[in-house]
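Inspection log for the structure reproduced underneath, given as structure tokens.
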Amino acid sequence: MDDVVVQGQSLTNVKRPLCLQRWLHAATALLALSGVAFVALKIKEHAGQIDISGFSADTWSLLIVLALVYGGANVLLARAWWNLLKQHKLQVPWQWALKTYGVSQINKYIPGNIFHLAGRQAIGMAAGLGAQPLARCSLWELMLIAAIGGVFGILAAPLQWHQVSLGMAIGLWALAMTVSIALLRNLGAHSLSRALGWQAGFLWISSVVFMVVLKLMAPADALQSPEWPILWGAYILAWLAGLLSPGAPAGVGVREAVLLLLLSGHFAQADLLLAVVVGRVITASGDLLFYLYALTLRAQHAVIND
């Protein structure tokens, strides 16, 4: 294992069973390969449900761009995790954090929806980071993104409560965002507040990607389409439902069902279903592209654990 620095001292002489190191690295590699296989299977499964014969070259080009945008947005989640590591006194190079997050995040497609967290735990422990601080980072990661997802969900309130206007929903959303970030900063948790901001950026970009797909695949025609902020909130609520479903890999099935439930009546069912399936293919493709990008990174060898 490459040298690791803890409180300014080398961990070369730290006694860690060699078999444990090999097991951790092998398990991480196996999880990543399994995740890639699941992504490929899901893309194949969803592609069979889509009639792509009518897609123009411009449509294909836009879908490819959206997959690239979504894949790039994963960098924001990696940045959030890096800030959580700093909050827990785990000072690591950004390049290492990005690579670790990228090669482990694909494991969310393995049934159980927890193996991406297990992958980061294994990689971090193999690099010499403490098991407990790593586990706390994973817990905070889930709590923060669930909280910010719930805040974004406020934007979808007009879908269920017609007495709530769009302006009122936006005002409540802005207030909740401001209070959340200010509260963390006042508590001295600056790294946590930055992590929250990066996660919010990811959720916003991913919702915009879906909105573009929805408008492309499901034009409103005679039906009245909700305003974009309401659609953002609906998508993020559906995303959150998938996140909180531990048995669904990457929320597959759960996210789509919630979207169909929330948006039915605003779009033709066939068009909405096509948009939901295409949206899933784009996010899965983006996750795969992010994984492949992470593999090309040359992470720094030294990991500093204060």
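Ordered as shown in the structure tokens, chains take letters A, B, and onward, while each chain numbers its residues from 1 and ligands are numbered from 1 in the order shown.
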Q: Within 12 Å of Pro219 (chain A), counting only C-alpha atoms, which residues show up once you throw out same-chain ones fewer than 4 positions away? Write them as a ChimeraX atom specification, please.
A: /A:211-215,223-226,266-272,274-275
Produce a table with one row for each residue of region 178-277 of chain A that has an atom at most 12 Å from any atom of region 134-143 of chain A, each row naming the nearest atom pair and its distance in Å at one decimal; use only C-alpha atoms; arrange rows by chain and rising residue number; format as a Markdown table.
```
| residue | atom | partner | partner_atom | distance |
| --- | --- | --- | --- | --- |
| A:Ala189 | CA | A:Trp140 | CA | 12.0 |
| A:Ser191 | CA | A:Trp140 | CA | 11.4 |
| A:Leu192 | CA | A:Trp140 | CA | 8.5 |
| A:Ser193 | CA | A:Trp140 | CA | 11.4 |
| A:Arg194 | CA | A:Glu141 | CA | 11.9 |
| A:Ala195 | CA | A:Glu141 | CA | 8.3 |
| A:Leu196 | CA | A:Glu141 | CA | 8.8 |
| A:Trp198 | CA | A:Glu141 | CA | 11.1 |
| A:Gln199 | CA | A:Glu141 | CA | 9.0 |
| A:Leu240 | CA | A:Leu142 | CA | 10.4 |
| A:Leu243 | CA | A:Leu142 | CA | 8.7 |
| A:Leu244 | CA | A:Leu142 | CA | 9.2 |
| A:Pro246 | CA | A:Leu142 | CA | 11.9 |
```
With all heavy atoms kept, could you save the residues just selected as a short mmCIF file (atom, residue, chain, number, x, y, z; two decimals), in the first residue's frame?
```cif
data_model
loop_
_atom_site.label_atom_id
_atom_site.label_comp_id
_atom_site.auth_asym_id
_atom_site.auth_seq_id
_atom_site.Cartn_x
_atom_site.Cartn_y
_atom_site.Cartn_z
N ALA A 189 -20.14 24.58 11.44
CA ALA A 189 -19.94 23.45 10.53
C ALA A 189 -19.85 23.97 9.09
O ALA A 189 -20.72 23.71 8.26
CB ALA A 189 -21.08 22.45 10.68
N SER A 191 -17.78 23.21 6.67
CA SER A 191 -17.62 22.17 5.66
C SER A 191 -18.95 21.47 5.38
O SER A 191 -19.24 21.08 4.25
CB SER A 191 -16.57 21.14 6.12
OG SER A 191 -15.28 21.72 6.15
N LEU A 192 -19.78 21.32 6.43
CA LEU A 192 -21.10 20.73 6.23
C LEU A 192 -21.98 21.62 5.36
O LEU A 192 -22.71 21.13 4.48
CB LEU A 192 -21.78 20.47 7.57
CG LEU A 192 -21.27 19.32 8.43
CD1 LEU A 192 -22.11 19.20 9.69
CD2 LEU A 192 -21.30 18.01 7.66
N SER A 193 -21.93 22.92 5.59
CA SER A 193 -22.74 23.84 4.80
C SER A 193 -22.28 23.85 3.35
O SER A 193 -23.11 23.93 2.43
CB SER A 193 -22.68 25.25 5.38
OG SER A 193 -21.38 25.79 5.30
N ARG A 194 -20.96 23.74 3.12
CA ARG A 194 -20.47 23.67 1.75
C ARG A 194 -20.91 22.37 1.08
O ARG A 194 -21.28 22.36 -0.10
CB ARG A 194 -18.95 23.81 1.72
CG ARG A 194 -18.44 25.23 1.95
CD ARG A 194 -16.97 25.35 1.65
NE ARG A 194 -16.16 24.68 2.64
CZ ARG A 194 -15.67 25.26 3.74
NH1 ARG A 194 -15.95 26.52 3.99
NH2 ARG A 194 -14.93 24.58 4.60
N ALA A 195 -20.86 21.27 1.85
CA ALA A 195 -21.32 19.99 1.31
C ALA A 195 -22.79 20.08 0.91
O ALA A 195 -23.20 19.58 -0.14
CB ALA A 195 -21.11 18.88 2.34
N LEU A 196 -23.58 20.73 1.74
CA LEU A 196 -25.01 20.90 1.45
C LEU A 196 -25.20 21.68 0.15
O LEU A 196 -26.05 21.35 -0.68
CB LEU A 196 -25.69 21.63 2.61
CG LEU A 196 -27.21 21.71 2.56
CD1 LEU A 196 -27.83 20.35 2.84
CD2 LEU A 196 -27.72 22.73 3.57
N TRP A 198 -23.07 21.89 -2.41
CA TRP A 198 -22.69 21.07 -3.56
C TRP A 198 -23.79 20.05 -3.88
O TRP A 198 -24.09 19.80 -5.05
CB TRP A 198 -21.38 20.35 -3.29
CG TRP A 198 -20.16 21.23 -3.28
CD1 TRP A 198 -19.33 21.49 -2.23
CD2 TRP A 198 -19.63 21.98 -4.38
NE1 TRP A 198 -18.33 22.36 -2.58
CE2 TRP A 198 -18.49 22.68 -3.90
CE3 TRP A 198 -20.02 22.15 -5.71
CZ2 TRP A 198 -17.73 23.51 -4.73
CZ3 TRP A 198 -19.25 22.99 -6.53
CH2 TRP A 198 -18.13 23.65 -6.03
N GLN A 199 -24.37 19.46 -2.86
CA GLN A 199 -25.45 18.50 -3.09
C GLN A 199 -26.67 19.17 -3.72
O GLN A 199 -27.31 18.61 -4.61
CB GLN A 199 -25.84 17.82 -1.77
CG GLN A 199 -24.80 16.86 -1.24
CD GLN A 199 -25.20 16.28 0.11
OE1 GLN A 199 -25.96 16.87 0.85
NE2 GLN A 199 -24.66 15.11 0.43
N LEU A 240 -35.69 11.44 -4.31
CA LEU A 240 -35.56 11.20 -2.88
C LEU A 240 -36.24 9.90 -2.48
O LEU A 240 -35.73 9.13 -1.65
CB LEU A 240 -36.15 12.37 -2.10
CG LEU A 240 -36.09 12.30 -0.57
CD1 LEU A 240 -34.65 12.18 -0.10
CD2 LEU A 240 -36.75 13.53 0.04
N LEU A 243 -33.95 7.21 -3.33
CA LEU A 243 -32.81 7.18 -2.40
C LEU A 243 -33.17 6.47 -1.10
O LEU A 243 -32.37 5.72 -0.54
CB LEU A 243 -32.36 8.61 -2.09
CG LEU A 243 -31.27 8.76 -1.02
CD1 LEU A 243 -29.93 8.27 -1.55
CD2 LEU A 243 -31.15 10.21 -0.56
N LEU A 244 -34.39 6.70 -0.62
CA LEU A 244 -34.82 6.14 0.65
C LEU A 244 -35.39 4.73 0.54
O LEU A 244 -35.93 4.21 1.51
CB LEU A 244 -35.86 7.07 1.29
CG LEU A 244 -35.38 8.49 1.60
CD1 LEU A 244 -36.50 9.33 2.18
CD2 LEU A 244 -34.17 8.48 2.52
N PRO A 246 -34.07 1.26 0.22
CA PRO A 246 -32.81 0.51 0.26
C PRO A 246 -32.80 -0.72 -0.63
O PRO A 246 -31.74 -1.18 -1.03
CB PRO A 246 -32.68 0.12 1.74
CG PRO A 246 -34.08 0.18 2.28
CD PRO A 246 -34.75 1.28 1.52
#
```
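Minimum atom-to-atom distance to Ala241 (chain A), evaluated using only C-alpha atoms, belongs to A:Ala146 out of A:Val179, A:Gln91, A:Ala146, A:Gly130.
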**Q.** From A:Leu184, A:Ile236, A:Leu297, A:Met217, residue lying nearest Val276 (chain A) [only C-alpha atoms]
**A.**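 Using only C-alpha atoms, Val276 (chain A) sits closest to A:Met217.
The residue that comes closest to Ala294 (chain A), out of A:Val254, A:Ile148, A:Val103, A:Ile110 and on the basis of only C-alpha atoms, is A:Val103.
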**Q.** Atom pair CA of Ile123 (chain A) / CA of Ala73 (chain A): separation (Å)
**A.**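 Interatomic distance, CA of Ile123 (chain A) to CA of Ala73 (chain A): 22.0 Å.
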Q | All alpha helix (DSSP H) residues (DSSP, backbone) inside region 65-306 of chain A, as a PyMOL selection string | A | chain A and resi 65-87+94-105+115-126+131-153+157-160+166-186+190-217+228-243+254-263+269-296
(Q) Which residues are near Tyr101 (chain A)? Cut-off 7 Å, only C-alpha atoms, ignore same chain within fewer than 4 positions. Put them as a ChimeraX atom specification. (A) /A:78,97,105,120
Q: Work out how far CA of Val69 (chain A) is from CA of Gly279 (chain A), in Å to one decimal.
A: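 Computed distance, CA of Gly279 (chain A) to CA of Val69 (chain A), equals 12.6 Å.
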